[in-house]
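> Dropping a structure here in structure tokens format, bear with me for questions.
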Amino acid sequence: MYQEWRYNEFQQTGKDYASQDEVNVYDPTHDDFRDLAKELKETVNWLNPKPNSKILDIGCGTGNFSIQLSTLCEKVYAIDVSETMLKFAQSKAIAAYATNISFSHTGYLNFDLPKDHLDGVISSLSLHHLPDFWKSVALNRIFRVLKPGGRFYLYDVVIPDQQSKDTIDAFIDRQERRGGAFMKEDTIIHFKEEFSTFDWVMKKLLLDAGFLIEKEILSDGVFKNYFCQKPL
């Protein structure tokens, strides 16, 4: 019965990242509001990869995190539900001579890795594509494939509290100043059609999955970093 009502994570919500045009502008538009170098440093510092580490990058997008991590560990599994994104990321990996990345067209609910197999998992601005129930399923699956002591870096858009309408409106205004009408529309689509959840819900989902939340950072009103670990 479960298979009959399982969420179809391959069906695009919000921005259509099956579109080559959207994929082509992904990096430059995200540069308008993200400090990628800072995010990469935070990710590496938290996951602390070793030469024999195996890392999963879920929703790898254009491959920035996968390529960076591939220089520091044995194996990176880079997965995304957009084949267009994956092809773009693969071309970047080839240009970077990153040969230890395994690219797969799959997602949170469908990746197939053994239990206790991974040293680290990263999810950057992708979990919000799942409704809350399926976020829970995804987080439990991530917990399962991590080794005891393995680390999980989650970065996403969250809603700080139940009075966050003004916070969201202010963020949309900042996005317009950063990237014009295109970025404003992109942000409106996010809150209108995608599934960002309350911060307190996200924390509850992480804790219920079994994670220890070692540190949290809220920035720009709606962006949240969760530095998590599977207990030993």
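Within each chain, counting starts at residue 1; across the structure tokens, chains are named A, B, ... in the order shown, with ligands numbered 1 upward in that order.
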As a list in words, please: the residues near Lys54 in chain A (cut-off 10 Å, only C-alpha atoms, same-chain neighbours under 3 positions excluded).

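The neighbour list is Pro49, Lys50, Pro51, Leu69, Ser70, Leu72, Cys73, Glu74, Lys75, Val76, Tyr77, His117, Leu118, Asp119, Gly120, Val121 and Leu146 of chain A.
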
> Go through chain A and collect every residue that DSSP, computed from the backbone, puts in alpha helix (DSSP H); the answer should be as a PyMOL selection string.

chain A and resi 2-5+20-30+36-47+64-70+83-95+132-145+165-193+199-209

> Which residue out of A:Asp32, A:Asp27, A:Glu4, A:Asp220 has the minimum interatomic distance to Gly179 in chain A when only C-alpha atoms are used?

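With only C-alpha atoms as the atom set, the closest residue is A:Asp32.
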
> Which residue out of A:Met85, A:Val222, A:Ala95, A:Ala209 has the minimum interatomic distance to Ile172 in chain A when only C-alpha atoms are used?

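Residue with the minimum atom-to-atom distance to Ile172 in chain A: A:Val222.
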
> Mind checking which residues fall within 7 Å of range 189-197 of chain A, counting only C-alpha atoms, ignoring those fewer than 3 positions away in the same chain, and posting them as a list in words?

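What passes the distance filter is Thr13, Gly14, His128, His129, Leu130, Pro131, Val157, Val158, Ile159, Glu185, Asp186, Val201 and Met202 of chain A.
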
> Can you spit out the residues from that selection as a CSV table (one decimal), in the first residue's frame, using N, CA and C atoms?


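Saved as part.csv:
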```csv
chain,number,residue,atom,x,y,z
A,13,THR,N,8.8,20.8,-8.0
A,13,THR,CA,8.0,21.8,-7.3
A,13,THR,C,8.7,23.1,-7.3
A,14,GLY,N,7.9,24.2,-7.4
A,14,GLY,CA,8.6,25.5,-7.4
A,14,GLY,C,9.3,25.7,-8.8
A,128,HIS,N,13.6,21.4,1.5
A,128,HIS,CA,12.3,22.1,1.4
A,128,HIS,C,11.4,21.6,0.2
A,129,HIS,N,12.0,20.8,-0.7
A,129,HIS,CA,11.1,20.3,-1.8
A,129,HIS,C,10.2,19.1,-1.3
A,130,LEU,N,10.4,18.7,-0.1
A,130,LEU,CA,9.5,17.6,0.5
A,130,LEU,C,8.5,18.2,1.5
A,131,PRO,N,7.3,17.8,1.5
A,131,PRO,CA,6.4,18.1,2.6
A,131,PRO,C,6.9,17.5,3.9
A,157,VAL,N,16.0,26.9,4.0
A,157,VAL,CA,15.1,28.0,4.4
A,157,VAL,C,14.1,27.4,5.4
A,158,VAL,N,13.9,28.1,6.5
A,158,VAL,CA,12.9,27.7,7.5
A,158,VAL,C,12.1,29.0,7.9
A,159,ILE,N,11.0,28.7,8.5
A,159,ILE,CA,10.1,29.8,9.0
A,159,ILE,C,10.4,29.9,10.5
A,185,GLU,N,10.7,37.2,-7.8
A,185,GLU,CA,9.8,36.2,-8.3
A,185,GLU,C,10.2,34.8,-7.8
A,186,ASP,N,11.5,34.5,-7.9
A,186,ASP,CA,12.1,33.2,-7.5
A,186,ASP,C,11.7,33.0,-6.0
A,201,VAL,N,9.6,22.8,14.0
A,201,VAL,CA,9.3,21.5,13.4
A,201,VAL,C,10.5,20.8,12.8
A,202,MET,N,11.4,21.5,12.2
A,202,MET,CA,12.6,20.9,11.6
A,202,MET,C,13.4,20.3,12.7
```

> Going by DSSP on the backbone, which bits of range 9-158 of chain A are strand (DSSP E or B)? Write them as number ranges by chain, please.

A: 54-58, 75-80, 101-105, 118-124, 146-157

> Could you tell me how far CA of Leu154 in chain A sits from CA of Lys87 in chain A, in Å to one decimal place?

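Value for the CA of Lys87 in chain A-CA of Leu154 in chain A distance: 23.8 Å.
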
> Need to verify the contact set: Asp169 in chain A, 12 Å, only C-alpha atoms, exclusion of same-chain residues closer than 3 positions in sequence. Can you return it as a list in words?

Ile159, Gln163, Ser164, Lys165, Asp166, Ile172, Asp173, Arg174, Gln175, Glu176, Lys184, Thr187, Ile188, Phe191, Gly221 and Val222 of chain A

> Please, could you write that set of residues out with N, CA and C atoms as a PDB file, in the first residue's frame?


```pdb
ATOM      1  N   ILE A 159      10.971  28.737   8.524  1.00  0.00           N
ATOM      2  CA  ILE A 159      10.111  29.812   9.025  1.00  0.00           C
ATOM      3  C   ILE A 159      10.366  29.911  10.526  1.00  0.00           C
ATOM      4  N   GLN A 163       4.742  33.927  13.786  1.00  0.00           N
ATOM      5  CA  GLN A 163       4.498  35.331  13.463  1.00  0.00           C
ATOM      6  C   GLN A 163       5.473  35.816  12.391  1.00  0.00           C
ATOM      7  N   SER A 164       5.819  34.957  11.445  1.00  0.00           N
ATOM      8  CA  SER A 164       6.925  35.229  10.525  1.00  0.00           C
ATOM      9  C   SER A 164       6.516  35.899   9.218  1.00  0.00           C
ATOM     10  N   LYS A 165       5.258  36.324   9.080  1.00  0.00           N
ATOM     11  CA  LYS A 165       4.849  36.950   7.826  1.00  0.00           C
ATOM     12  C   LYS A 165       5.728  38.159   7.498  1.00  0.00           C
ATOM     13  N   ASP A 166       5.962  39.018   8.480  1.00  0.00           N
ATOM     14  CA  ASP A 166       6.788  40.203   8.242  1.00  0.00           C
ATOM     15  C   ASP A 166       8.230  39.820   7.922  1.00  0.00           C
ATOM     16  N   ILE A 172      11.857  38.827   1.125  1.00  0.00           N
ATOM     17  CA  ILE A 172      11.525  38.993  -0.302  1.00  0.00           C
ATOM     18  C   ILE A 172      11.999  40.353  -0.796  1.00  0.00           C
ATOM     19  N   ASP A 173      11.813  41.393   0.006  1.00  0.00           N
ATOM     20  CA  ASP A 173      12.290  42.729  -0.371  1.00  0.00           C
ATOM     21  C   ASP A 173      13.813  42.752  -0.514  1.00  0.00           C
ATOM     22  N   ARG A 174      14.522  42.085   0.399  1.00  0.00           N
ATOM     23  CA  ARG A 174      15.987  42.045   0.307  1.00  0.00           C
ATOM     24  C   ARG A 174      16.429  41.290  -0.942  1.00  0.00           C
ATOM     25  N   GLN A 175      15.733  40.214  -1.262  1.00  0.00           N
ATOM     26  CA  GLN A 175      16.071  39.454  -2.458  1.00  0.00           C
ATOM     27  C   GLN A 175      15.875  40.293  -3.725  1.00  0.00           C
ATOM     28  N   GLU A 176      14.836  41.116  -3.736  1.00  0.00           N
ATOM     29  CA  GLU A 176      14.611  41.990  -4.891  1.00  0.00           C
ATOM     30  C   GLU A 176      15.753  42.990  -5.032  1.00  0.00           C
ATOM     31  N   LYS A 184      13.166  38.340  -6.950  1.00  0.00           N
ATOM     32  CA  LYS A 184      11.936  38.506  -6.181  1.00  0.00           C
ATOM     33  C   LYS A 184      10.939  37.417  -6.542  1.00  0.00           C
ATOM     34  N   THR A 187      11.875  34.015  -5.186  1.00  0.00           N
ATOM     35  CA  THR A 187      11.632  33.872  -3.748  1.00  0.00           C
ATOM     36  C   THR A 187      10.145  33.726  -3.448  1.00  0.00           C
ATOM     37  N   ILE A 188       9.323  34.457  -4.160  1.00  0.00           N
ATOM     38  CA  ILE A 188       7.874  34.324  -3.984  1.00  0.00           C
ATOM     39  C   ILE A 188       7.431  32.900  -4.328  1.00  0.00           C
ATOM     40  N   PHE A 191       8.140  30.434  -1.384  1.00  0.00           N
ATOM     41  CA  PHE A 191       7.208  30.421  -0.249  1.00  0.00           C
ATOM     42  C   PHE A 191       5.783  30.060  -0.666  1.00  0.00           C
ATOM     43  N   GLY A 221      17.325  35.987   8.480  1.00  0.00           N
ATOM     44  CA  GLY A 221      15.927  35.851   8.863  1.00  0.00           C
ATOM     45  C   GLY A 221      15.325  34.489   8.622  1.00  0.00           C
ATOM     46  N   VAL A 222      15.773  33.800   7.566  1.00  0.00           N
ATOM     47  CA  VAL A 222      15.100  32.550   7.185  1.00  0.00           C
ATOM     48  C   VAL A 222      16.046  31.397   6.868  1.00  0.00           C
TER      49      VAL A 222
END
```

> Of the candidates A:Glu42, A:Glu216, A:Asp208, A:Glu83, which shows the shortest atom-to-atom distance to Gln12 in chain A, using only C-alpha atoms?

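Ranked by minimum distance to Gln12 in chain A, first place goes to A:Glu83.
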